[in-house]
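Below: target37.cif (mmCIF, C-alpha atoms and all ligand atoms)
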data_data
loop_
_atom_site.group_PDB
_atom_site.id
_atom_site.type_symbol
_atom_site.label_atom_id
_atom_site.label_comp_id
_atom_site.auth_asym_id
_atom_site.auth_seq_id
_atom_site.Cartn_x
_atom_site.Cartn_y
_atom_site.Cartn_z
ATOM 1 C CA MET J 1 16.812 19.121 0.678
ATOM 2 C CA LEU J 2 16.838 15.350 0.191
ATOM 3 C CA ILE J 3 13.726 13.865 -1.381
ATOM 4 C CA PRO J 4 12.920 10.162 -1.919
ATOM 5 C CA ARG J 5 11.799 9.547 -5.506
ATOM 6 C CA PRO J 6 10.874 6.415 -7.451
ATOM 7 C CA PHE J 7 13.679 5.195 -9.711
ATOM 8 C CA ASP J 8 14.163 7.360 -12.785
ATOM 9 C CA SER J 9 16.917 6.563 -15.286
ATOM 10 C CA GLU J 10 17.268 10.303 -16.032
ATOM 11 C CA ALA J 11 18.656 10.750 -12.501
ATOM 12 C CA LEU J 12 21.575 8.463 -13.429
ATOM 13 C CA LYS J 13 22.777 11.206 -15.779
ATOM 14 C CA LEU J 14 23.462 13.377 -12.728
ATOM 15 C CA HIS J 15 26.793 13.245 -10.894
ATOM 16 C CA PRO J 16 28.022 9.599 -10.794
ATOM 17 C CA PHE J 17 26.957 7.747 -7.642
ATOM 18 C CA THR J 18 29.859 6.364 -5.588
ATOM 19 C CA CYS J 19 29.363 4.703 -2.203
ATOM 20 C CA GLY J 20 32.698 2.921 -1.769
ATOM 21 C CA GLU J 21 31.314 -0.477 -2.761
ATOM 22 C CA PRO J 22 31.741 -0.849 -6.562
ATOM 23 C CA GLU J 23 29.179 -3.657 -6.669
ATOM 24 C CA LEU J 24 26.469 -1.290 -5.374
ATOM 25 C CA ASP J 25 27.570 1.570 -7.643
ATOM 26 C CA ASN J 26 27.610 -0.650 -10.726
ATOM 27 C CA TRP J 27 24.271 -2.222 -9.941
ATOM 28 C CA LEU J 28 22.603 1.197 -9.801
ATOM 29 C CA ALA J 29 24.274 2.375 -13.009
ATOM 30 C CA GLU J 30 23.969 -0.830 -15.026
ATOM 31 C CA HIS J 31 21.110 -2.959 -13.700
ATOM 32 C CA ALA J 32 18.593 -0.950 -11.678
ATOM 33 C CA GLY J 33 16.709 0.227 -14.793
ATOM 34 C CA GLN J 34 16.247 -3.221 -16.256
ATOM 35 C CA ASN J 35 15.189 -4.658 -12.884
ATOM 36 C CA GLU J 36 12.684 -1.835 -12.541
ATOM 37 C CA ARG J 37 11.194 -2.519 -15.974
ATOM 38 C CA ARG J 38 10.899 -6.215 -15.172
ATOM 39 C CA ASN J 39 9.141 -5.442 -11.888
ATOM 40 C CA ASN J 40 11.455 -7.695 -9.927
ATOM 41 C CA VAL J 41 13.073 -4.987 -7.790
ATOM 42 C CA ARG J 42 11.818 -1.533 -6.836
ATOM 43 C CA THR J 43 14.460 1.116 -6.315
ATOM 44 C CA THR J 44 13.978 4.421 -4.521
ATOM 45 C CA LEU J 45 16.467 7.241 -5.051
ATOM 46 C CA LEU J 46 17.166 9.900 -2.456
ATOM 47 C CA LEU J 47 17.795 12.979 -4.551
ATOM 48 C CA ASP J 48 19.612 16.126 -3.544
ATOM 49 C CA GLU J 49 17.771 18.348 -5.994
ATOM 50 C CA HIS J 50 19.734 21.415 -4.973
ATOM 51 C CA LYS J 51 23.073 19.823 -5.877
ATOM 52 C CA GLY J 52 21.715 17.611 -8.649
ATOM 53 C CA ARG J 53 23.053 14.447 -7.066
ATOM 54 C CA ILE J 54 21.829 11.065 -5.904
ATOM 55 C CA ALA J 55 22.573 11.019 -2.156
ATOM 56 C CA GLY J 56 21.577 7.397 -1.743
ATOM 57 C CA TYR J 57 19.291 4.627 -2.835
ATOM 58 C CA TYR J 58 17.669 1.449 -1.651
ATOM 59 C CA SER J 59 15.921 -1.380 -3.417
ATOM 60 C CA LEU J 60 13.254 -3.785 -2.218
ATOM 61 C CA ARG J 61 11.921 -7.068 -3.494
ATOM 62 C CA THR J 62 10.031 -10.112 -2.303
ATOM 63 C CA PHE J 63 11.923 -13.041 -0.841
ATOM 64 C CA GLU J 64 11.300 -16.470 0.654
ATOM 65 C CA LEU J 65 13.231 -18.600 3.106
ATOM 66 C CA SER J 66 12.818 -22.347 2.772
ATOM 67 C CA ALA J 67 11.493 -24.126 5.869
ATOM 68 C CA ALA J 68 14.951 -25.613 6.513
ATOM 69 C CA ASP J 69 16.814 -22.309 6.037
ATOM 70 C CA GLY J 70 14.221 -20.414 8.074
ATOM 71 C CA SER J 71 14.419 -22.895 10.950
ATOM 72 C CA SER J 72 18.196 -22.680 11.222
ATOM 73 C CA ALA J 73 18.265 -18.905 10.691
ATOM 74 C CA ILE J 74 15.602 -17.964 13.187
ATOM 75 C CA GLY J 75 15.982 -20.858 15.599
ATOM 76 C CA ARG J 76 12.416 -22.132 15.572
ATOM 77 C CA THR J 77 11.330 -25.210 13.679
ATOM 78 C CA ARG J 78 9.329 -24.200 10.639
ATOM 79 C CA ARG J 79 7.351 -26.612 8.524
ATOM 80 C CA TYR J 80 6.609 -24.184 5.704
ATOM 81 C CA PRO J 81 8.614 -21.600 3.785
ATOM 82 C CA ILE J 82 8.716 -18.132 5.346
ATOM 83 C CA PRO J 83 7.451 -15.304 3.114
ATOM 84 C CA ALA J 84 9.679 -12.262 3.445
ATOM 85 C CA MET J 85 10.656 -8.933 1.981
ATOM 86 C CA LEU J 86 14.286 -8.325 1.099
ATOM 87 C CA MET J 87 16.143 -5.065 1.529
ATOM 88 C CA ALA J 88 18.136 -5.959 -1.549
ATOM 89 C CA ARG J 89 20.445 -2.923 -1.525
ATOM 90 C CA LEU J 90 21.000 0.269 0.434
ATOM 91 C CA ALA J 91 23.842 2.676 -0.185
ATOM 92 C CA VAL J 92 24.827 6.262 0.542
ATOM 93 C CA ASP J 93 27.139 8.305 -1.687
ATOM 94 C CA VAL J 94 30.504 8.943 0.005
ATOM 95 C CA GLY J 95 29.791 12.676 -0.072
ATOM 96 C CA TYR J 96 26.789 12.138 2.197
ATOM 97 C CA GLN J 97 27.935 9.332 4.529
ATOM 98 C CA GLY J 98 27.935 9.902 8.281
ATOM 99 C CA ALA J 99 25.254 12.590 8.124
ATOM 100 C CA GLY J 100 22.110 10.574 8.810
ATOM 101 C CA VAL J 101 21.314 9.766 5.174
ATOM 102 C CA GLY J 102 21.521 5.994 5.694
ATOM 103 C CA ARG J 103 18.998 6.327 8.513
ATOM 104 C CA ILE J 104 16.665 8.392 6.278
ATOM 105 C CA LEU J 105 16.836 5.704 3.573
ATOM 106 C CA LEU J 106 16.330 2.818 5.974
ATOM 107 C CA PHE J 107 13.372 4.457 7.716
ATOM 108 C CA ASP J 108 11.766 5.376 4.390
ATOM 109 C CA ALA J 109 12.078 1.735 3.288
ATOM 110 C CA LEU J 110 10.751 0.372 6.582
ATOM 111 C CA HIS J 111 7.781 2.757 6.565
ATOM 112 C CA LYS J 112 6.965 1.545 3.038
ATOM 113 C CA LEU J 113 7.237 -2.089 4.106
ATOM 114 C CA ALA J 114 5.069 -1.471 7.181
ATOM 115 C CA SER J 115 2.483 0.057 4.887
ATOM 116 C CA ALA J 116 2.746 -2.857 2.419
ATOM 117 C CA ALA J 117 2.248 -5.279 5.332
ATOM 118 C CA GLU J 118 -1.323 -3.975 5.621
ATOM 119 C CA ASP J 119 -2.135 -5.597 2.283
ATOM 120 C CA VAL J 120 0.557 -8.189 1.580
ATOM 121 C CA GLY J 121 1.510 -11.084 3.825
ATOM 122 C CA PHE J 122 5.142 -11.526 4.810
ATOM 123 C CA GLU J 123 6.613 -12.563 8.138
ATOM 124 C CA ILE J 124 10.017 -10.955 8.154
ATOM 125 C CA VAL J 125 12.211 -8.344 6.501
ATOM 126 C CA VAL J 126 15.650 -9.677 5.548
ATOM 127 C CA VAL J 127 18.879 -7.917 4.686
ATOM 128 C CA HIS J 128 22.154 -9.545 3.624
ATOM 129 C CA ALA J 129 24.836 -7.107 4.786
ATOM 130 C CA LEU J 130 27.921 -6.803 2.602
ATOM 131 C CA HIS J 131 30.238 -6.612 5.609
ATOM 132 C CA GLU J 132 30.288 -6.313 9.396
ATOM 133 C CA ASN J 133 30.171 -2.489 9.327
ATOM 134 C CA ALA J 134 26.912 -2.580 7.404
ATOM 135 C CA ALA J 135 25.549 -5.279 9.733
ATOM 136 C CA CYS J 136 26.243 -2.958 12.699
ATOM 137 C CA PHE J 137 24.225 -0.220 10.991
ATOM 138 C CA TYR J 138 21.176 -2.525 10.705
ATOM 139 C CA LEU J 139 21.612 -3.888 14.245
ATOM 140 C CA LYS J 140 21.288 -0.344 15.526
ATOM 141 C CA TYR J 141 17.770 -0.134 14.129
ATOM 142 C CA GLY J 142 16.319 -3.354 15.503
ATOM 143 C CA PHE J 143 17.479 -6.011 13.036
ATOM 144 C CA ARG J 144 18.764 -9.279 14.516
ATOM 145 C CA ARG J 145 21.350 -11.644 13.072
ATOM 146 C CA PHE J 146 20.398 -15.006 11.603
ATOM 147 C CA LEU J 147 21.695 -17.658 13.996
ATOM 148 C CA ASP J 148 23.559 -19.420 11.193
ATOM 149 C CA HIS J 149 24.838 -16.424 9.224
ATOM 150 C CA GLU J 150 26.058 -13.333 10.980
ATOM 151 C CA LEU J 151 25.853 -11.032 7.937
ATOM 152 C CA SER J 152 22.207 -11.878 7.300
ATOM 153 C CA LEU J 153 19.751 -10.037 9.494
ATOM 154 C CA PHE J 154 16.002 -9.887 9.950
ATOM 155 C CA MET J 155 13.199 -7.980 11.609
ATOM 156 C CA THR J 156 9.800 -9.576 12.123
ATOM 157 C CA THR J 157 6.782 -7.929 10.530
ATOM 158 C CA LYS J 158 5.293 -7.669 14.014
ATOM 159 C CA GLU J 159 8.298 -5.611 15.126
ATOM 160 C CA LEU J 160 8.229 -3.636 11.874
ATOM 161 C CA ARG J 161 4.583 -2.675 12.276
ATOM 162 C CA ALA J 162 5.003 -1.852 15.966
ATOM 163 C CA THR J 163 7.674 0.699 15.094
ATOM 164 C CA PHE J 164 6.998 1.933 11.588
ATOM 165 C CA VAL J 165 3.247 2.051 11.020
ATOM 166 C CA THR J 166 2.411 5.742 10.787
ATOM 167 C CA SER J 167 -0.946 7.448 10.870
ATOM 168 C CA GLU J 168 -0.743 7.860 7.076
ATOM 169 C CA SER J 169 -0.227 4.134 6.566
ATOM 170 C CA SER J 170 -2.641 2.819 9.200
HETATM 171 C C1 LIG J 201 26.419 1.715 5.770
HETATM 172 C C2 LIG J 201 25.791 3.023 5.273
HETATM 173 C C3 LIG J 201 24.508 2.716 4.536
HETATM 174 C C4 LIG J 201 25.473 3.912 6.487
HETATM 175 O O1 LIG J 201 24.925 5.131 6.005
HETATM 176 P P1 LIG J 201 25.349 6.534 6.635
HETATM 177 O O2 LIG J 201 24.558 7.608 5.979
HETATM 178 O O3 LIG J 201 26.814 6.662 6.603
HETATM 179 O O4 LIG J 201 24.862 6.340 8.152
HETATM 180 P P2 LIG J 201 24.093 7.409 9.045
HETATM 181 O O5 LIG J 201 24.876 8.673 9.068
HETATM 182 O O6 LIG J 201 22.669 7.493 8.642
HETATM 183 O O7 LIG J 201 24.180 6.715 10.450
HETATM 184 C C5 LIG J 201 23.015 6.444 11.196
HETATM 185 C C6 LIG J 201 23.466 5.824 12.480
HETATM 186 O O8 LIG J 201 24.085 4.578 12.206
HETATM 187 C C7 LIG J 201 25.382 4.579 12.750
HETATM 188 N N1 LIG J 201 26.260 3.894 11.825
HETATM 189 C C8 LIG J 201 26.508 4.214 10.554
HETATM 190 N N2 LIG J 201 27.397 3.354 10.024
HETATM 191 C C9 LIG J 201 27.684 2.498 11.029
HETATM 192 C C10 LIG J 201 28.543 1.398 11.147
HETATM 193 N N3 LIG J 201 29.297 1.007 10.121
HETATM 194 N N4 LIG J 201 28.612 0.741 12.330
HETATM 195 C C11 LIG J 201 27.859 1.128 13.382
HETATM 196 N N5 LIG J 201 27.017 2.169 13.344
HETATM 197 C C12 LIG J 201 26.945 2.838 12.176
HETATM 198 C C13 LIG J 201 25.785 6.036 12.886
HETATM 199 O O9 LIG J 201 26.742 6.221 13.906
HETATM 200 C C14 LIG J 201 24.476 6.683 13.221
HETATM 201 O O10 LIG J 201 24.214 6.549 14.603
HETATM 202 P P3 LIG J 201 23.943 7.851 15.524
HETATM 203 O O11 LIG J 201 22.693 8.479 14.935
HETATM 204 O O12 LIG J 201 23.736 7.285 16.881
HETATM 205 O O13 LIG J 201 25.151 8.673 15.361
HETATM 206 C C15 LIG J 201 26.767 3.819 4.358
HETATM 207 O O14 LIG J 201 27.946 4.080 5.053
HETATM 208 C C16 LIG J 201 27.083 3.155 3.023
HETATM 209 O O15 LIG J 201 26.344 3.300 2.076
HETATM 210 N N6 LIG J 201 28.221 2.459 2.954
HETATM 211 C C17 LIG J 201 28.694 1.881 1.698
HETATM 212 C C18 LIG J 201 27.715 0.915 1.083
HETATM 213 C C19 LIG J 201 27.307 -0.163 2.043
HETATM 214 O O16 LIG J 201 28.139 -0.749 2.702
HETATM 215 N N7 LIG J 201 25.986 -0.418 2.085
HETATM 216 C C20 LIG J 201 25.419 -1.449 2.918
HETATM 217 C C21 LIG J 201 25.239 -2.648 2.062
HETATM 218 S S1 LIG J 201 24.487 -3.958 2.964
#
The structure given in the file should be rewritten as structure tokens.
Amino acid sequence: MLIPRPFDSEALKLHPFTCGEPELDNWLAEHAGQNERRNNVRTTLLLDEHKGRIAGYYSLRTFELSAADGSSAIGRTRRYPIPAMLMARLAVDVGYQGAGVGRILLFDALHKLASAAEDVGFEIVVVHALHENAACFYLKYGFRRFLDHELSLFMTTKELRATFVTSESS
């Protein structure tokens, strides 16, 4: 059974996490703990407690688009910066890819963000995909491409709340 858990450095002592993108593997192993302690990124681990492995992880943080960047990305003139949340990282171990684990992680993150949107103001959720394959994964779940950068995608908070507010979070 796969269970989302807050980041815990003890879990890194389990089987090494490998998703096929060394940058994402190294970040989890080398930097996630320090970022957690500094409160600048929150990481959630999806643990396979039966096998003692990390099946996947994602990390979230706040973000802001300048008025100029926001206008060209979203295609509407903006006079003020756009407050946002950033899906900073999301990765599935190669042993678990193609089995719905990415979807579990993404939905867990989006439910959390929909819940946070009850109390914290932000207009969009942004993700910078590492490559076109990853962008296609996000497109499937309602993200749209920035007009000026095809590997950056967003979902409005209105869309997020319409889809991901649950009875527990409303
Ligand atoms: C991209 C990634 C997160 C997808 O996770 P996954 O567990 O393999 O995907 P899932 O099995 O949950 O797939 C969910 C759905 O997305 C689709 N999907 C998955 N990867 C896709 C891709 N590259 N292109 C299009 N659709 C994709 C699946 O077909 C599935 O759709 P279905 O339910 O209709 O069959 C994962 O492959 C991964 O971690 N890759 C390496 C790291 C990485 O690139 N992370 C993204 C950084 S931005």
Next item on the list: Return as a PyMOL selection string every polymer residue, whether protein, DNA or RNA, with at least one atom no more than 8 Å from an atom of ligand LIG 201 (chain J); count only C-alpha atoms and all ligand atoms.
Entry: chain J and resi 19-21+24+56+89-94+96-105+127-138+140
As an mmCIF file with C-alpha atoms, in the coordinates of the input, please: the residues near Ser9 in chain J (cut-off 10 Å, only C-alpha atoms, same-chain neighbours under 6 positions excluded).
data_model
loop_
_atom_site.group_PDB
_atom_site.id
_atom_site.type_symbol
_atom_site.label_atom_id
_atom_site.label_comp_id
_atom_site.auth_asym_id
_atom_site.auth_seq_id
_atom_site.Cartn_x
_atom_site.Cartn_y
_atom_site.Cartn_z
ATOM 1 C CA LEU J 28 22.603 1.197 -9.801
ATOM 2 C CA ALA J 29 24.274 2.375 -13.009
ATOM 3 C CA ALA J 32 18.593 -0.950 -11.678
ATOM 4 C CA GLY J 33 16.709 0.227 -14.793
ATOM 5 C CA GLN J 34 16.247 -3.221 -16.256
ATOM 6 C CA GLU J 36 12.684 -1.835 -12.541
#
From the list J:Ala73, J:Leu110, J:Glu159, J:Ser59, the nearest residue to Arg145 in chain J using all atoms listed in the file is J:Ala73
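Of the residues listed (J:Ala88, J:Leu47, J:Leu113, J:Ile82), J:Ala88 shows the shortest atom-to-atom separation from Leu60 in chain J; distances use all atoms listed in the file.
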- Message: For a test of reading the model, state the distance in Å between CA of Pro4 in chain J and CA of Lys112 in chain J, rounded to one decimal.
- Response: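 Pair CA of Pro4 in chain J / CA of Lys112 in chain J returns 11.6 Å.
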*the PyMOL selection byres (((chain J and resi 52) around 10) and not hetatm) resolved against shown file, as a list in words*: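 Going through the file, the PyMOL selection byres (((chain J and resi 52) around 10) and not hetatm) ends up selecting Ala11, Lys13, Leu14, His15, Leu47, Asp48, Glu49, His50, Lys51, Arg53, Ile54 and Ala55 of chain J.
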Could you rebuild range 24-35 of chain J with all heavy atoms and give it back as a PDB file, in the frame of the given file?
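So selection_6.pdb came out as:
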ATOM      1  N   LEU J  24      27.719  -2.051  -5.548  1.00  0.00           N
ATOM      2  CA  LEU J  24      26.469  -1.290  -5.374  1.00  0.00           C
ATOM      3  C   LEU J  24      26.397  -0.122  -6.349  1.00  0.00           C
ATOM      4  O   LEU J  24      25.312   0.233  -6.832  1.00  0.00           O
ATOM      5  CB  LEU J  24      26.360  -0.790  -3.930  1.00  0.00           C
ATOM      6  CG  LEU J  24      26.205  -1.898  -2.878  1.00  0.00           C
ATOM      7  CD1 LEU J  24      26.314  -1.329  -1.468  1.00  0.00           C
ATOM      8  CD2 LEU J  24      24.878  -2.604  -3.046  1.00  0.00           C
ATOM      9  N   ASP J  25      27.542   0.475  -6.652  1.00  0.00           N
ATOM     10  CA  ASP J  25      27.570   1.570  -7.643  1.00  0.00           C
ATOM     11  C   ASP J  25      27.209   1.035  -9.027  1.00  0.00           C
ATOM     12  O   ASP J  25      26.388   1.619  -9.743  1.00  0.00           O
ATOM     13  CB  ASP J  25      28.974   2.189  -7.729  1.00  0.00           C
ATOM     14  CG  ASP J  25      29.434   2.783  -6.414  1.00  0.00           C
ATOM     15  OD1 ASP J  25      28.581   3.017  -5.550  1.00  0.00           O
ATOM     16  OD2 ASP J  25      30.652   2.997  -6.266  1.00  0.00           O
ATOM     17  N   ASN J  26      27.833  -0.083  -9.392  1.00  0.00           N
ATOM     18  CA  ASN J  26      27.610  -0.650 -10.726  1.00  0.00           C
ATOM     19  C   ASN J  26      26.180  -1.141 -10.891  1.00  0.00           C
ATOM     20  O   ASN J  26      25.589  -0.989 -11.953  1.00  0.00           O
ATOM     21  CB  ASN J  26      28.576  -1.815 -10.994  1.00  0.00           C
ATOM     22  CG  ASN J  26      30.001  -1.327 -11.084  1.00  0.00           C
ATOM     23  OD1 ASN J  26      30.238  -0.133 -11.302  1.00  0.00           O
ATOM     24  ND2 ASN J  26      30.955  -2.218 -10.884  1.00  0.00           N
ATOM     25  N   TRP J  27      25.644  -1.718  -9.835  1.00  0.00           N
ATOM     26  CA  TRP J  27      24.271  -2.222  -9.941  1.00  0.00           C
ATOM     27  C   TRP J  27      23.322  -1.065 -10.254  1.00  0.00           C
ATOM     28  O   TRP J  27      22.459  -1.192 -11.133  1.00  0.00           O
ATOM     29  CB  TRP J  27      23.839  -2.932  -8.650  1.00  0.00           C
ATOM     30  CG  TRP J  27      22.487  -3.555  -8.821  1.00  0.00           C
ATOM     31  CD1 TRP J  27      22.223  -4.781  -9.344  1.00  0.00           C
ATOM     32  CD2 TRP J  27      21.223  -2.950  -8.544  1.00  0.00           C
ATOM     33  NE1 TRP J  27      20.859  -4.982  -9.399  1.00  0.00           N
ATOM     34  CE2 TRP J  27      20.221  -3.877  -8.921  1.00  0.00           C
ATOM     35  CE3 TRP J  27      20.834  -1.722  -8.009  1.00  0.00           C
ATOM     36  CZ2 TRP J  27      18.866  -3.624  -8.779  1.00  0.00           C
ATOM     37  CZ3 TRP J  27      19.485  -1.459  -7.867  1.00  0.00           C
ATOM     38  CH2 TRP J  27      18.520  -2.408  -8.256  1.00  0.00           C
ATOM     39  N   LEU J  28      23.499   0.060  -9.561  1.00  0.00           N
ATOM     40  CA  LEU J  28      22.603   1.197  -9.801  1.00  0.00           C
ATOM     41  C   LEU J  28      22.774   1.690 -11.240  1.00  0.00           C
ATOM     42  O   LEU J  28      21.783   1.923 -11.952  1.00  0.00           O
ATOM     43  CB  LEU J  28      22.904   2.338  -8.806  1.00  0.00           C
ATOM     44  CG  LEU J  28      22.007   3.564  -8.954  1.00  0.00           C
ATOM     45  CD1 LEU J  28      20.555   3.213  -8.614  1.00  0.00           C
ATOM     46  CD2 LEU J  28      22.493   4.709  -8.068  1.00  0.00           C
ATOM     47  N   ALA J  29      24.014   1.826 -11.672  1.00  0.00           N
ATOM     48  CA  ALA J  29      24.274   2.375 -13.009  1.00  0.00           C
ATOM     49  C   ALA J  29      23.862   1.415 -14.122  1.00  0.00           C
ATOM     50  O   ALA J  29      23.334   1.837 -15.155  1.00  0.00           O
ATOM     51  CB  ALA J  29      25.759   2.718 -13.135  1.00  0.00           C
ATOM     52  N   GLU J  30      24.100   0.126 -13.914  1.00  0.00           N
ATOM     53  CA  GLU J  30      23.969  -0.830 -15.026  1.00  0.00           C
ATOM     54  C   GLU J  30      22.690  -1.676 -14.986  1.00  0.00           C
ATOM     55  O   GLU J  30      22.235  -2.151 -16.026  1.00  0.00           O
ATOM     56  CB  GLU J  30      25.161  -1.805 -15.026  1.00  0.00           C
ATOM     57  CG  GLU J  30      26.527  -1.144 -15.027  1.00  0.00           C
ATOM     58  CD  GLU J  30      26.822  -0.428 -16.340  1.00  0.00           C
ATOM     59  OE1 GLU J  30      26.226  -0.815 -17.352  1.00  0.00           O
ATOM     60  OE2 GLU J  30      27.618   0.529 -16.309  1.00  0.00           O
ATOM     61  N   HIS J  31      22.164  -1.942 -13.793  1.00  0.00           N
ATOM     62  CA  HIS J  31      21.110  -2.959 -13.700  1.00  0.00           C
ATOM     63  C   HIS J  31      19.791  -2.490 -13.097  1.00  0.00           C
ATOM     64  O   HIS J  31      18.777  -3.173 -13.247  1.00  0.00           O
ATOM     65  CB  HIS J  31      21.616  -4.164 -12.888  1.00  0.00           C
ATOM     66  CG  HIS J  31      22.837  -4.784 -13.478  1.00  0.00           C
ATOM     67  ND1 HIS J  31      22.826  -5.446 -14.687  1.00  0.00           N
ATOM     68  CD2 HIS J  31      24.127  -4.807 -13.055  1.00  0.00           C
ATOM     69  CE1 HIS J  31      24.055  -5.865 -14.972  1.00  0.00           C
ATOM     70  NE2 HIS J  31      24.853  -5.486 -14.000  1.00  0.00           N
ATOM     71  N   ALA J  32      19.817  -1.371 -12.381  1.00  0.00           N
ATOM     72  CA  ALA J  32      18.593  -0.950 -11.678  1.00  0.00           C
ATOM     73  C   ALA J  32      17.448  -0.721 -12.673  1.00  0.00           C
ATOM     74  O   ALA J  32      16.303  -1.115 -12.409  1.00  0.00           O
ATOM     75  CB  ALA J  32      18.852   0.306 -10.854  1.00  0.00           C
ATOM     76  N   GLY J  33      17.755  -0.094 -13.822  1.00  0.00           N
ATOM     77  CA  GLY J  33      16.709   0.227 -14.793  1.00  0.00           C
ATOM     78  C   GLY J  33      16.024  -1.023 -15.316  1.00  0.00           C
ATOM     79  O   GLY J  33      14.788  -1.101 -15.365  1.00  0.00           O
ATOM     80  N   GLN J  34      16.833  -1.993 -15.708  1.00  0.00           N
ATOM     81  CA  GLN J  34      16.247  -3.221 -16.256  1.00  0.00           C
ATOM     82  C   GLN J  34      15.416  -3.961 -15.197  1.00  0.00           C
ATOM     83  O   GLN J  34      14.338  -4.469 -15.472  1.00  0.00           O
ATOM     84  CB  GLN J  34      17.350  -4.133 -16.781  1.00  0.00           C
ATOM     85  CG  GLN J  34      16.798  -5.304 -17.553  1.00  0.00           C
ATOM     86  CD  GLN J  34      17.897  -6.156 -18.133  1.00  0.00           C
ATOM     87  OE1 GLN J  34      18.746  -6.639 -17.390  1.00  0.00           O
ATOM     88  NE2 GLN J  34      17.909  -6.320 -19.437  1.00  0.00           N
ATOM     89  N   ASN J  35      15.940  -4.005 -13.962  1.00  0.00           N
ATOM     90  CA  ASN J  35      15.189  -4.658 -12.884  1.00  0.00           C
ATOM     91  C   ASN J  35      13.871  -3.946 -12.613  1.00  0.00           C
ATOM     92  O   ASN J  35      12.862  -4.583 -12.305  1.00  0.00           O
ATOM     93  CB  ASN J  35      16.035  -4.695 -11.605  1.00  0.00           C
ATOM     94  CG  ASN J  35      17.029  -5.840 -11.631  1.00  0.00           C
ATOM     95  OD1 ASN J  35      16.706  -6.956 -11.271  1.00  0.00           O
ATOM     96  ND2 ASN J  35      18.237  -5.560 -12.097  1.00  0.00           N
TER      97      ASN J  35
END
